[in-house]
$ cat run_5.csv   # CSV, C-alpha atoms
chain,number,residue,atom,x,y,z
F,875,MET,CA,141.9,79.6,110.8
F,876,ARG,CA,144.8,79.5,108.2
F,877,TYR,CA,143.7,76.8,105.8
F,878,ILE,CA,144.8,75.5,102.4
F,879,GLY,CA,141.9,75.9,100.0
F,880,ASN,CA,139.9,78.3,102.2
F,881,LYS,CA,137.3,80.1,100.0
F,882,THR,CA,136.6,83.2,102.1
F,883,LYS,CA,138.3,85.5,99.6
F,884,LEU,CA,136.4,83.8,96.7
F,885,LEU,CA,132.9,83.9,98.2
F,886,ASP,CA,131.8,86.8,95.9
F,887,PHE,CA,133.0,84.8,92.9
F,888,ILE,CA,130.9,81.8,94.0
F,889,ARG,CA,127.9,84.0,94.7
F,890,ARG,CA,128.0,85.6,91.3
F,891,THR,CA,128.4,82.3,89.6
F,892,LEU,CA,125.3,80.9,91.4
F,893,ARG,CA,123.3,83.9,90.3
F,894,ARG,CA,124.5,83.6,86.7
F,895,ARG,CA,123.5,79.9,86.7
F,896,GLY,CA,120.1,80.8,88.2
F,897,ILE,CA,120.6,78.4,91.1
F,898,ALA,CA,117.9,79.3,93.6
F,899,PRO,CA,118.1,78.5,97.3
F,900,GLY,CA,117.3,74.9,98.1
F,901,LEU,CA,119.0,71.9,99.7
F,902,ALA,CA,122.8,72.2,99.2
F,903,VAL,CA,125.4,69.6,100.1
F,904,ASP,CA,129.0,70.6,100.8
F,905,PRO,CA,130.9,67.4,101.5
F,906,PHE,CA,134.4,69.0,101.7
F,907,THR,CA,133.4,71.8,104.1
F,908,GLY,CA,136.8,72.4,105.8
F,909,THR,CA,136.4,75.6,107.8
F,910,ALA,CA,132.8,75.9,106.6
F,911,SER,CA,133.2,79.3,105.0
F,912,VAL,CA,131.2,78.4,101.9
F,913,ALA,CA,128.6,76.4,103.9
F,914,ARG,CA,128.1,79.5,106.1
F,915,ASP,CA,127.6,81.7,103.0
F,916,LEU,CA,125.2,79.2,101.3
F,917,LYS,CA,123.1,79.3,104.5
F,918,ARG,CA,123.2,83.1,104.5
F,919,LEU,CA,121.9,83.0,100.9
F,920,GLY,CA,118.9,80.9,102.0
F,921,HIS,CA,120.1,77.3,101.3
F,922,ARG,CA,119.4,74.4,103.7
F,923,VAL,CA,122.9,73.1,104.0
F,924,VAL,CA,124.4,69.7,104.7
F,925,ALA,CA,128.0,70.4,105.6
F,926,SER,CA,130.4,67.5,106.0
F,927,ASP,CA,134.0,66.6,106.0
F,928,VAL,CA,136.2,63.5,106.6
F,929,MET,CA,138.0,65.4,109.3
F,930,GLU,CA,136.5,65.9,112.7
F,931,TYR,CA,137.5,69.6,112.9
F,932,GLY,CA,135.4,70.1,109.7
F,933,ARG,CA,132.3,68.8,111.6
F,934,VAL,CA,133.2,71.0,114.6
F,935,PHE,CA,133.2,74.1,112.4
F,936,ALA,CA,130.0,73.0,110.6
F,937,GLU,CA,128.2,72.4,113.9
F,938,ALA,CA,129.5,75.6,115.5
F,939,TYR,CA,129.0,78.1,112.6
F,940,VAL,CA,126.4,76.5,110.2
F,941,VAL,CA,124.1,74.3,112.2
F,942,ALA,CA,124.0,76.6,115.3
F,943,GLU,CA,121.8,79.7,115.3
F,944,PRO,CA,122.6,83.1,116.8
F,945,GLY,CA,120.7,83.7,120.1
F,946,ASN,CA,121.1,83.7,123.8
F,947,GLY,CA,123.4,80.7,123.6
F,948,HIS,CA,126.0,82.9,122.0
F,949,ALA,CA,126.2,85.1,125.1
F,950,ARG,CA,126.7,82.1,127.2
F,951,VAL,CA,129.5,80.8,124.9
F,952,ALA,CA,131.3,84.2,125.3
F,953,THR,CA,131.0,83.9,129.1
F,954,LEU,CA,132.3,80.3,129.1
F,955,LEU,CA,135.2,81.3,126.8
F,956,ASP,CA,136.2,84.0,129.4
F,957,GLU,CA,136.2,81.3,132.1
F,958,LEU,CA,138.3,79.0,129.9
F,959,GLY,CA,140.8,81.7,129.2
F,960,SER,CA,141.3,82.3,132.9
F,961,LEU,CA,142.3,78.7,133.7
F,962,PRO,CA,146.0,78.2,134.7
F,963,PRO,CA,148.1,76.1,132.3
F,964,ARG,CA,147.9,72.3,132.8
F,965,ASP,CA,150.7,69.8,132.1
F,966,GLY,CA,148.5,67.6,130.0
F,967,PHE,CA,148.8,65.5,126.8
F,968,LEU,CA,149.2,68.4,124.4
F,969,ARG,CA,151.7,70.2,126.6
F,970,ARG,CA,153.9,67.1,127.0
F,971,ASN,CA,153.9,66.3,123.3
F,972,PHE,CA,153.6,69.6,121.4
F,973,GLY,CA,154.8,72.3,123.9
F,974,ALA,CA,158.6,71.9,124.0
F,975,THR,CA,160.6,74.7,125.4
F,976,ASP,CA,163.3,74.3,122.7
F,977,GLN,CA,164.9,71.8,120.4
F,978,ALA,CA,167.5,70.6,122.9
F,979,ASP,CA,165.5,67.4,123.6
F,980,GLN,CA,164.1,67.1,120.1
F,981,GLY,CA,160.8,68.3,121.4
F,982,ARG,CA,158.0,69.5,119.2
F,983,MET,CA,157.8,73.4,119.3
F,984,TYR,CA,154.3,73.8,118.0
F,985,PHE,CA,153.2,75.9,121.0
F,986,THR,CA,155.0,77.6,123.8
F,987,PRO,CA,154.8,75.6,127.0
F,988,ASP,CA,152.4,78.2,128.5
F,989,ASN,CA,150.0,78.2,125.5
F,990,ALA,CA,150.1,74.4,125.2
F,991,GLY,CA,149.2,74.1,128.9
F,992,ARG,CA,146.4,76.6,128.5
F,993,ILE,CA,145.0,74.6,125.5
F,994,ASP,CA,145.2,71.5,127.6
F,995,ALA,CA,143.4,73.1,130.5
F,996,ALA,CA,140.6,74.6,128.3
F,997,ARG,CA,140.0,71.3,126.3
F,998,ASP,CA,140.0,69.3,129.5
F,999,ARG,CA,137.4,71.6,131.1
F,1000,ILE,CA,135.2,71.6,127.9
F,1001,GLU,CA,135.3,67.8,127.9
F,1002,ARG,CA,134.3,67.6,131.6
F,1003,TRP,CA,131.4,70.0,131.1
F,1004,ARG,CA,130.2,67.9,128.2
F,1005,ARG,CA,130.4,64.6,130.1
F,1006,ASP,CA,128.7,66.1,133.2
F,1007,GLY,CA,125.9,67.5,131.1
F,1008,ALA,CA,126.7,71.1,132.0
F,1009,ILE,CA,126.7,72.2,128.3
F,1010,ASP,CA,124.6,71.0,125.4
F,1011,GLN,CA,126.0,69.8,122.1
F,1012,GLY,CA,125.8,73.2,120.3
F,1013,THR,CA,127.8,74.9,123.1
F,1014,PHE,CA,130.3,72.1,123.1
F,1015,TYR,CA,131.0,72.6,119.4
F,1016,ALA,CA,131.1,76.4,119.7
F,1017,LEU,CA,133.7,76.1,122.5
F,1018,VAL,CA,135.9,73.6,120.7
F,1019,ALA,CA,135.8,75.6,117.4
F,1020,ALA,CA,136.9,78.7,119.3
F,1021,LEU,CA,139.7,76.8,120.9
F,1022,ILE,CA,140.9,75.4,117.6
F,1023,GLU,CA,141.0,78.9,116.1
F,1024,ALA,CA,142.7,80.4,119.1
F,1025,ALA,CA,145.4,77.7,119.0
F,1026,ASP,CA,145.9,78.3,115.3
F,1027,ARG,CA,146.6,82.0,116.0
F,1028,VAL,CA,149.5,81.1,118.3
F,1029,ALA,CA,150.8,78.0,116.5
F,1030,ASN,CA,154.5,78.1,115.8
F,1031,THR,CA,154.0,77.1,112.1
F,1032,ALA,CA,154.1,78.7,108.7
F,1033,GLY,CA,150.4,78.1,108.3
F,1034,VAL,CA,150.1,74.3,108.2
F,1035,TYR,CA,151.1,71.7,110.8
F,1036,ALA,CA,153.3,69.6,108.6
F,1037,ALA,CA,156.3,71.2,110.4
F,1038,PHE,CA,157.0,73.6,113.3
F,1039,ILE,CA,159.4,76.5,113.2
F,1040,LYS,CA,162.7,75.9,115.1
F,1041,SER,CA,162.6,79.3,116.8
F,1042,TRP,CA,159.7,81.2,118.3
F,1043,GLN,CA,157.7,83.4,115.9
F,1044,ALA,CA,156.1,86.6,117.0
F,1045,ASN,CA,152.6,85.2,116.9
F,1046,ALA,CA,153.6,82.1,118.9
F,1047,VAL,CA,154.7,84.0,122.0
F,1048,LYS,CA,151.5,85.9,122.3
F,1049,PRO,CA,149.1,84.6,124.9
F,1050,LEU,CA,146.3,82.3,123.9
F,1051,GLU,CA,143.1,84.3,123.4
F,1052,LEU,CA,139.7,82.7,123.1
F,1053,LYS,CA,137.2,84.7,121.0
F,1054,PRO,CA,133.5,83.9,120.3
F,1055,ARG,CA,132.3,84.0,116.7
F,1056,ARG,CA,128.6,84.3,115.9
F,1057,PRO,CA,127.1,81.5,113.9
F,1058,GLN,CA,125.2,82.2,110.6
F,1059,SER,CA,121.5,82.7,110.8
F,1060,GLY,CA,119.3,81.1,108.1
F,1061,PRO,CA,117.4,77.9,107.3
F,1062,PRO,CA,118.0,74.7,109.2
F,1063,ALA,CA,121.3,73.0,108.5
F,1064,ARG,CA,122.9,69.6,109.3
F,1065,ALA,CA,126.5,68.6,109.9
F,1066,ALA,CA,128.1,65.2,109.2
F,1067,ARG,CA,131.4,63.5,109.0
F,1068,GLY,CA,132.3,60.9,106.4
F,1069,ASP,CA,133.5,60.1,102.9
F,1070,ALA,CA,132.2,62.5,100.4
F,1071,ALA,CA,130.5,59.9,98.1
F,1072,ASP,CA,128.8,58.3,101.2
F,1073,VAL,CA,127.5,61.6,102.5
F,1074,VAL,CA,126.2,62.7,99.0
F,1075,GLY,CA,124.5,59.3,98.5
F,1076,ASP,CA,122.9,59.4,101.9
F,1077,SER,CA,121.5,62.9,101.2
F,1078,GLY,CA,118.7,61.8,98.9
F,1079,PRO,CA,117.4,64.2,96.2
F,1080,PHE,CA,118.8,67.7,96.6
F,1081,ASP,CA,119.4,70.9,94.6
F,1082,LEU,CA,123.0,71.9,94.7
F,1083,LEU,CA,126.2,69.8,95.1
F,1084,TYR,CA,129.1,72.1,95.9
F,1085,LEU,CA,132.4,70.4,95.6
F,1086,ASP,CA,135.7,71.8,97.0
F,1087,PRO,CA,138.0,68.8,97.1
F,1088,PRO,CA,141.8,68.7,97.7
F,1089,TYR,CA,143.7,69.9,94.6
F,1090,ASN,CA,147.1,68.3,95.3
F,1091,GLU,CA,148.9,65.5,97.1
F,1092,ARG,CA,148.9,67.1,100.5
F,1093,GLN,CA,147.0,64.9,102.8
F,1094,TYR,CA,145.0,67.0,105.2
F,1095,PRO,CA,145.4,64.6,108.2
F,1096,ALA,CA,149.1,65.2,108.1
F,1097,TYR,CA,148.8,69.0,107.5
F,1098,TYR,CA,146.2,69.6,110.2
F,1099,HIS,CA,146.8,66.9,112.8
F,1100,LEU,CA,146.8,69.4,115.7
F,1101,PRO,CA,143.4,70.9,114.9
F,1102,GLU,CA,142.2,67.4,114.5
F,1103,LEU,CA,143.7,66.4,117.9
F,1104,ILE,CA,141.9,69.3,119.6
F,1105,ALA,CA,138.7,68.4,117.9
F,1106,GLU,CA,138.8,64.7,118.9
F,1107,GLY,CA,140.4,65.1,122.3
F,1108,TRP,CA,142.6,62.6,124.0
F,1109,PHE,CA,140.5,61.6,127.0
F,1110,ASP,CA,139.6,57.9,126.8
F,1111,THR,CA,142.7,56.6,125.1
F,1112,GLU,CA,145.7,58.8,124.4
F,1113,PRO,CA,146.5,58.5,120.6
F,1114,ALA,CA,149.7,56.9,119.6
F,1115,LEU,CA,151.7,59.6,117.9
F,1116,ARG,CA,154.3,58.9,115.2
F,1117,GLY,CA,157.2,60.8,113.6
F,1118,LYS,CA,158.9,64.0,114.2
F,1119,THR,CA,155.7,66.0,114.0
F,1120,GLY,CA,153.5,63.7,116.1
F,1121,LEU,CA,151.0,62.5,113.5
F,1122,LEU,CA,147.8,60.8,114.6
F,1123,PRO,CA,146.5,57.5,113.3
F,1124,ASP,CA,144.8,58.6,110.1
F,1125,ALA,CA,144.4,55.6,107.7
F,1126,ASP,CA,140.6,56.2,107.6
F,1127,LYS,CA,141.0,59.9,106.7
F,1128,ARG,CA,143.6,59.8,103.9
F,1129,SER,CA,141.9,60.7,100.7
F,1130,ASP,CA,142.0,59.4,97.1
F,1131,TRP,CA,141.5,63.0,96.0
F,1132,CYS,CA,145.1,63.5,97.0
F,1133,ARG,CA,146.4,60.6,94.9
F,1134,ARG,CA,147.2,61.4,91.3
F,1135,GLY,CA,146.0,58.1,90.0
F,1136,ALA,CA,142.8,58.0,91.9
F,1137,ALA,CA,141.4,61.6,92.1
F,1138,ALA,CA,139.4,61.4,88.8
F,1139,ASP,CA,137.8,58.1,89.9
F,1140,ALA,CA,136.9,59.8,93.2
F,1141,LEU,CA,135.1,62.5,91.4
F,1142,GLY,CA,133.3,60.0,89.3
F,1143,ALA,CA,132.2,58.1,92.4
F,1144,VAL,CA,130.7,61.3,94.0
F,1145,LEU,CA,128.9,62.2,90.8
F,1146,ASP,CA,127.5,58.6,90.5
F,1147,ALA,CA,126.2,59.0,94.1
F,1148,ALA,CA,124.6,62.4,93.5
F,1149,ASP,CA,120.9,62.8,92.9
F,1150,CYS,CA,120.8,66.6,92.5
F,1151,ARG,CA,120.0,69.3,90.0
F,1152,HIS,CA,123.2,71.3,89.9
F,1153,VAL,CA,126.9,70.7,90.4
F,1154,VAL,CA,129.4,73.5,91.1
F,1155,MET,CA,133.0,72.3,91.6
F,1156,SER,CA,135.8,74.5,92.9
F,1157,TYR,CA,139.2,73.6,91.5
F,1158,ASN,CA,142.3,75.5,90.3
F,1159,SER,CA,144.8,75.6,87.6
F,1160,GLU,CA,147.3,73.5,89.6
F,1161,GLY,CA,144.9,70.7,90.4
F,1162,MET,CA,145.8,67.1,89.7
F,1163,ILE,CA,142.7,66.3,87.7
F,1164,PRO,CA,143.1,67.8,84.2
F,1165,SER,CA,140.3,70.3,83.3
F,1166,ASP,CA,139.4,68.2,80.2
F,1167,THR,CA,138.8,65.2,82.5
F,1168,ILE,CA,136.6,67.2,84.8
F,1169,ALA,CA,134.7,68.5,81.8
F,1170,ALA,CA,134.1,65.1,80.4
F,1171,LEU,CA,132.9,63.6,83.7
F,1172,LEU,CA,130.5,66.5,84.3
F,1173,LYS,CA,129.1,66.4,80.7
F,1174,THR,CA,128.5,62.7,81.0
F,1175,TRP,CA,126.7,63.1,84.3
F,1176,GLY,CA,124.7,66.2,83.4
F,1177,ARG,CA,123.4,67.9,80.3
F,1178,ALA,CA,126.5,68.7,78.2
F,1179,SER,CA,124.8,71.9,76.8
F,1180,THR,CA,124.7,73.3,80.4
F,1181,TYR,CA,128.4,72.8,81.1
F,1182,LYS,CA,130.6,75.8,81.6
F,1183,ARG,CA,133.9,76.6,83.4
F,1184,TYR,CA,134.2,80.0,85.1
F,1185,ARG,CA,137.5,81.4,86.1
F,1186,ARG,CA,139.1,84.0,88.4
F,1187,ARG,CA,142.7,84.8,89.2
F,1188,TYR,CA,143.6,85.1,92.9
F,1189,LYS,CA,146.6,85.4,95.2
F,1190,ARG,CA,148.1,82.0,96.0
F,1191,TYR,CA,148.1,80.6,99.6
F,1192,ARG,CA,151.8,80.3,100.6
F,1193,SER,CA,152.6,78.4,103.7
F,1194,ASP,CA,156.3,79.2,103.3
F,1195,ALA,CA,158.7,81.1,101.1
F,1196,ASP,CA,160.6,80.0,98.0
F,1197,GLY,CA,163.8,78.2,99.0
F,1198,GLU,CA,165.9,75.0,98.6
F,1199,GLY,CA,163.6,72.2,97.7
F,1200,ARG,CA,160.5,74.5,97.2
F,1201,SER,CA,159.8,77.0,94.4
F,1202,TYR,CA,156.3,78.3,93.7
F,1203,ALA,CA,155.3,78.8,90.1
F,1204,GLY,CA,154.1,82.3,90.9
F,1205,ASP,CA,152.1,84.4,93.3
F,1206,GLU,CA,148.8,83.9,91.6
F,1207,VAL,CA,146.7,80.9,90.5
F,1208,GLU,CA,143.5,80.6,88.5
F,1209,GLU,CA,140.5,79.4,90.4
F,1210,TYR,CA,137.9,77.5,88.4
F,1211,LEU,CA,134.2,76.8,89.0
F,1212,PHE,CA,133.1,73.9,86.9
F,1213,CYS,CA,129.3,73.9,86.5
F,1214,VAL,CA,126.7,71.6,85.0
F,1215,ASP,CA,123.0,70.9,85.4
F,1216,ARG,CA,121.2,67.6,85.4

$ encode --input "run_5.csv" --output "structure tokens"
Amino acid sequence: MRYIGNKTKLLDFIRRTLRRRGIAPGLAVDPFTGTASVARDLKRLGHRVVASDVMEYGRVFAEAYVVAEPGNGHARVATLLDELGSLPPRDGFLRRNFGATDQADQGRMYFTPDNAGRIDAARDRIERWRRDGAIDQGTFYALVAALIEAADRVANTAGVYAAFIKSWQANAVKPLELKPRRPQSGPPARAARGDAADVVGDSGPFDLLYLDPPYNERQYPAYYHLPELIAEGWFDTEPALRGKTGLLPDADKRSDWCRRGAAADALGAVLDAADCRHVVMSYNSEGMIPSDTIAALLKTWGRASTYKRYRRRYKRYRSDADGEGRSYAGDEVEEYLFCVDR
């Protein structure tokens, strides 16, 4: 899934830093798991992982790819995805609200009508299977995760859902295709959903706190409301949508990490809640919290002599091109890993 802050291309940097720090496998908490790429890798390295996020799609990915184990269930997921992919389009909630044919009626062109109807049909069938007891929880999350990723591949966006393109892109007119993805094998893991400080505080003593918080003022509930809609569903009460892009009610998901005057306090609250041996925090050179502030907080929480900031340059994620009202500072940013031991 296209995702701001995804660390897939930086996993080798994170692995090397863990080795340099001598951080052995143990209980690791990842409270900003997002698409769960780091949580998957930590499990692969032998950590027992708690993967959490304030967004429901984050829990879906954690359940599907970190908590789940490869096995016979994976073959069944592939079979069920084939069945879902063969369903005819349905004129459901997503089709009516996010599958406009064109802009003539000011409709939302996030998906072609056919793809929106197929997402409707698949999500409705998954929900029916779940409520009828035809699938277990692990299968449910695997199917929903695959549907979110399939929808993202045909979304008529520039990579985030804050806006849709006013004409059909090449990827958007391709047919929806549901693909299975094998979960990561390794030690037992747990998924959660909640505020980072609460999840960290509820985890008890643990070994590694890996933090990958938002860097800027982009609130994820507004940038990824459609993956969230597919994750949560619309079956008991249809959500009240607002605005041109059809935002969901999100007051409980908006983050202080995306507020310039509150982000440093949010970091302090997580550190205060953490009973762990090591902290590794991903941030970058354009983050709202100054590096000196992060350093001061980590040195106060841990042993100042163990503090170090590691850095690596990498290609910037760009959801759109330079233009009127938007100009990127460059094509590269510097990724930091701030580390300290207790």

$ closest_residue --input "run_5.csv" --among "F:Ala1065, F:Leu968, F:Arg1116, F:Lys917" --to "F:Arg933" --atoms "all atoms listed in the file"
F:Ala1065

$ closest_residue --input "run_5.csv" --among "F:Gly908, F:Gly932, F:Gly947, F:Gly1033" --to "F:Thr882" --atoms "only C-alpha atoms"
F:Gly908

$ closest_residue --input "run_5.csv" --among "F:Ala1170, F:Ala1148, F:Leu916, F:Ala898" --to "F:Gly1075" --atoms "all atoms listed in the file"
F:Ala1148

$ closest_residue --input "run_5.csv" --among "F:Arg918, F:Lys1048, F:Arg895, F:Lys1182" --to "F:Asp1026" --atoms "all atoms listed in the file"
F:Lys1048

$ closest_atom_pairs --input "run_5.csv" --of "stretch 945-1023 of chain F" --to "stretch 1079-1102 of chain F" --cutoff "12 Å" --atoms "all atoms listed in the file" --output "JSON lines"
{"residue": "F:Phe967", "atom": "CA", "partner": "F:Leu1100", "partner_atom": "CA", "distance": 11.9}
{"residue": "F:Leu968", "atom": "CA", "partner": "F:Leu1100", "partner_atom": "CA", "distance": 9.1}
{"residue": "F:Arg969", "atom": "CA", "partner": "F:Leu1100", "partner_atom": "CA", "distance": 12.0}
{"residue": "F:Asn971", "atom": "CA", "partner": "F:Leu1100", "partner_atom": "CA", "distance": 10.9}
{"residue": "F:Phe972", "atom": "CA", "partner": "F:Leu1100", "partner_atom": "CA", "distance": 8.9}
{"residue": "F:Gly973", "atom": "CA", "partner": "F:Leu1100", "partner_atom": "CA", "distance": 11.8}
{"residue": "F:Arg982", "atom": "CA", "partner": "F:Leu1100", "partner_atom": "CA", "distance": 11.7}
{"residue": "F:Tyr984", "atom": "CA", "partner": "F:Leu1100", "partner_atom": "CA", "distance": 9.0}
{"residue": "F:Phe985", "atom": "CA", "partner": "F:Leu1100", "partner_atom": "CA", "distance": 10.5}
{"residue": "F:Ala990", "atom": "CA", "partner": "F:Leu1100", "partner_atom": "CA", "distance": 11.2}
{"residue": "F:Ile993", "atom": "CA", "partner": "F:Leu1100", "partner_atom": "CA", "distance": 11.2}
{"residue": "F:Arg997", "atom": "CA", "partner": "F:Pro1101", "partner_atom": "CA", "distance": 11.9}
{"residue": "F:Val1018", "atom": "CA", "partner": "F:Pro1101", "partner_atom": "CA", "distance": 9.9}
{"residue": "F:Ala1019", "atom": "CA", "partner": "F:Pro1101", "partner_atom": "CA", "distance": 9.3}
{"residue": "F:Ala1020", "atom": "CA", "partner": "F:Pro1101", "partner_atom": "CA", "distance": 11.1}
{"residue": "F:Leu1021", "atom": "CA", "partner": "F:Pro1101", "partner_atom": "CA", "distance": 9.2}
{"residue": "F:Ile1022", "atom": "CA", "partner": "F:Pro1101", "partner_atom": "CA", "distance": 5.8}
{"residue": "F:Glu1023", "atom": "CA", "partner": "F:Pro1101", "partner_atom": "CA", "distance": 8.4}

$ closest_residue --input "run_5.csv" --among "F:Ile1000, F:Ala949, F:Val1073, F:Leu958" --to "F:Ala925" --atoms "all atoms listed in the file"
F:Val1073

$ atom_distance --input "run_5.csv" --atom1 "atom CA of F:Pro1057" --atom2 "atom CA of F:Tyr877"
19.1 Å

$ closest_residue --input "run_5.csv" --among "F:Arg890, F:His948, F:Lys1173, F:Arg1185" --to "F:Gly1142" --atoms "only C-alpha atoms"
F:Lys1173

$ residues_around --input "run_5.csv" --residues "F:Leu954" --least-positions-apart "6" --cutoff "12 Å" --atoms "only C-alpha atoms" --output "ChimeraX atom specification"
/F:947-948,960-961,996,999-1000,1003,1008-1009,1013-1014,1016-1018,1020-1021,1052-1054

$ atom_distance --input "run_5.csv" --atom1 "atom CA of F:Ile1163" --atom2 "atom CA of F:Tyr1210"
12.2 Å

$ atom_distance --input "run_5.csv" --atom1 "atom CA of F:Ala1147" --atom2 "atom CA of F:Asp1124"
24.5 Å

$ residues_around --input "run_5.csv" --residues "F:Glu1209" --least-positions-apart "4" --cutoff "8 Å" --atoms "only C-alpha atoms" --output "PyMOL selection string"
chain F and resi 1156-1159+1185-1188

$ residues_around --input "run_5.csv" --residues "F:Glu930" --least-positions-apart "2" --cutoff "10 Å" --atoms "only C-alpha atoms" --output "short mmCIF file (atom, residue, chain, number, x, y, z; two decimals) with C-alpha atoms, keeping the file's coordinate frame"
data_model
loop_
_atom_site.label_atom_id
_atom_site.label_comp_id
_atom_site.auth_asym_id
_atom_site.auth_seq_id
_atom_site.Cartn_x
_atom_site.Cartn_y
_atom_site.Cartn_z
CA GLY F 908 136.80 72.40 105.80
CA SER F 926 130.40 67.50 106.00
CA ASP F 927 134.00 66.60 106.00
CA VAL F 928 136.20 63.50 106.60
CA GLY F 932 135.40 70.10 109.70
CA ARG F 933 132.30 68.80 111.60
CA VAL F 934 133.20 71.00 114.60
CA PHE F 935 133.20 74.10 112.40
CA ALA F 936 130.00 73.00 110.60
CA ALA F 1066 128.10 65.20 109.20
CA ARG F 1067 131.40 63.50 109.00
CA GLY F 1068 132.30 60.90 106.40
CA PRO F 1101 143.40 70.90 114.90
CA GLU F 1102 142.20 67.40 114.50
CA LEU F 1103 143.70 66.40 117.90
CA ILE F 1104 141.90 69.30 119.60
CA ALA F 1105 138.70 68.40 117.90
CA GLU F 1106 138.80 64.70 118.90
CA LYS F 1127 141.00 59.90 106.70
#

$ residues_near_point --input "run_5.csv" --point "(142.7, 67.9, 127.2)" --cutoff "7 Å" --atoms "all atoms listed in the file" --output "PyMOL selection string"
chain F and resi 966-967+994-995+997-998+1107-1109

$ write_last_selection --input "run_5.csv" --atoms "C-alpha atoms" --output "JSON list (two decimals), in the frame of the given file"
[["chain", "number", "residue", "atom", "x", "y", "z"],
["F", 966, "GLY", "CA", 148.50, 67.60, 130.00],
["F", 967, "PHE", "CA", 148.80, 65.50, 126.80],
["F", 994, "ASP", "CA", 145.20, 71.50, 127.60],
["F", 995, "ALA", "CA", 143.40, 73.10, 130.50],
["F", 997, "ARG", "CA", 140.00, 71.30, 126.30],
["F", 998, "ASP", "CA", 140.00, 69.30, 129.50],
["F", 1107, "GLY", "CA", 140.40, 65.10, 122.30],
["F", 1108, "TRP", "CA", 142.60, 62.60, 124.00],
["F", 1109, "PHE", "CA", 140.50, 61.60, 127.00]]

$ axis_aligned_box --input "run_5.csv" --around "stretch 1105-1119 of chain F" --padding-each-side "3 Å" --output "AutoDock Vina command-line options"
--center_x 148.8 --center_y 62.5 --center_z 120.3 --size_x 26.2 --size_y 17.8 --size_z 19.4

$ residues_around --input "run_5.csv" --residues "F:Arg889" --least-positions-apart "4" --cutoff "9 Å" --atoms "all atoms listed in the file" --output "ChimeraX atom specification"
/F:884-885,893-894,915-916,919

$ build_atoms --input "run_5.csv" --residues "stretch 950-960 of chain F" --atoms "N, CA, C and O atoms" --output "JSON list (two decimals), in the coordinates of the input"
[["chain", "number", "residue", "atom", "x", "y", "z"],
["F", 950, "ARG", "N", 126.18, 83.03, 126.25],
["F", 950, "ARG", "CA", 126.70, 82.10, 127.20],
["F", 950, "ARG", "C", 128.07, 81.54, 126.74],
["F", 950, "ARG", "O", 128.99, 81.34, 127.53],
["F", 951, "VAL", "N", 128.20, 81.29, 125.45],
["F", 951, "VAL", "CA", 129.50, 80.80, 124.90],
["F", 951, "VAL", "C", 130.59, 81.85, 125.23],
["F", 951, "VAL", "O", 131.68, 81.49, 125.65],
["F", 952, "ALA", "N", 130.28, 83.13, 125.04],
["F", 952, "ALA", "CA", 131.30, 84.20, 125.30],
["F", 952, "ALA", "C", 131.68, 84.14, 126.80],
["F", 952, "ALA", "O", 132.87, 84.27, 127.14],
["F", 953, "THR", "N", 130.71, 83.95, 127.70],
["F", 953, "THR", "CA", 131.00, 83.90, 129.10],
["F", 953, "THR", "C", 131.89, 82.68, 129.46],
["F", 953, "THR", "O", 132.85, 82.77, 130.22],
["F", 954, "LEU", "N", 131.55, 81.52, 128.87],
["F", 954, "LEU", "CA", 132.30, 80.30, 129.10],
["F", 954, "LEU", "C", 133.74, 80.43, 128.55],
["F", 954, "LEU", "O", 134.70, 79.92, 129.15],
["F", 955, "LEU", "N", 133.88, 81.09, 127.42],
["F", 955, "LEU", "CA", 135.20, 81.30, 126.80],
["F", 955, "LEU", "C", 136.08, 82.16, 127.76],
["F", 955, "LEU", "O", 137.28, 81.92, 127.91],
["F", 956, "ASP", "N", 135.47, 83.17, 128.39],
["F", 956, "ASP", "CA", 136.20, 84.00, 129.40],
["F", 956, "ASP", "C", 136.68, 83.11, 130.53],
["F", 956, "ASP", "O", 137.82, 83.25, 131.00],
["F", 957, "GLU", "N", 135.81, 82.21, 130.97],
["F", 957, "GLU", "CA", 136.20, 81.30, 132.10],
["F", 957, "GLU", "C", 137.33, 80.39, 131.64],
["F", 957, "GLU", "O", 138.30, 80.18, 132.38],
["F", 958, "LEU", "N", 137.24, 79.84, 130.44],
["F", 958, "LEU", "CA", 138.30, 79.00, 129.90],
["F", 958, "LEU", "C", 139.62, 79.71, 129.81],
["F", 958, "LEU", "O", 140.69, 79.17, 130.09],
["F", 959, "GLY", "N", 139.55, 80.95, 129.35],
["F", 959, "GLY", "CA", 140.80, 81.70, 129.20],
["F", 959, "GLY", "C", 141.47, 82.09, 130.46],
["F", 959, "GLY", "O", 142.66, 82.42, 130.44],
["F", 960, "SER", "N", 140.75, 82.01, 131.58],
["F", 960, "SER", "CA", 141.30, 82.30, 132.90],
["F", 960, "SER", "C", 141.96, 81.14, 133.58],
["F", 960, "SER", "O", 142.56, 81.28, 134.65]]
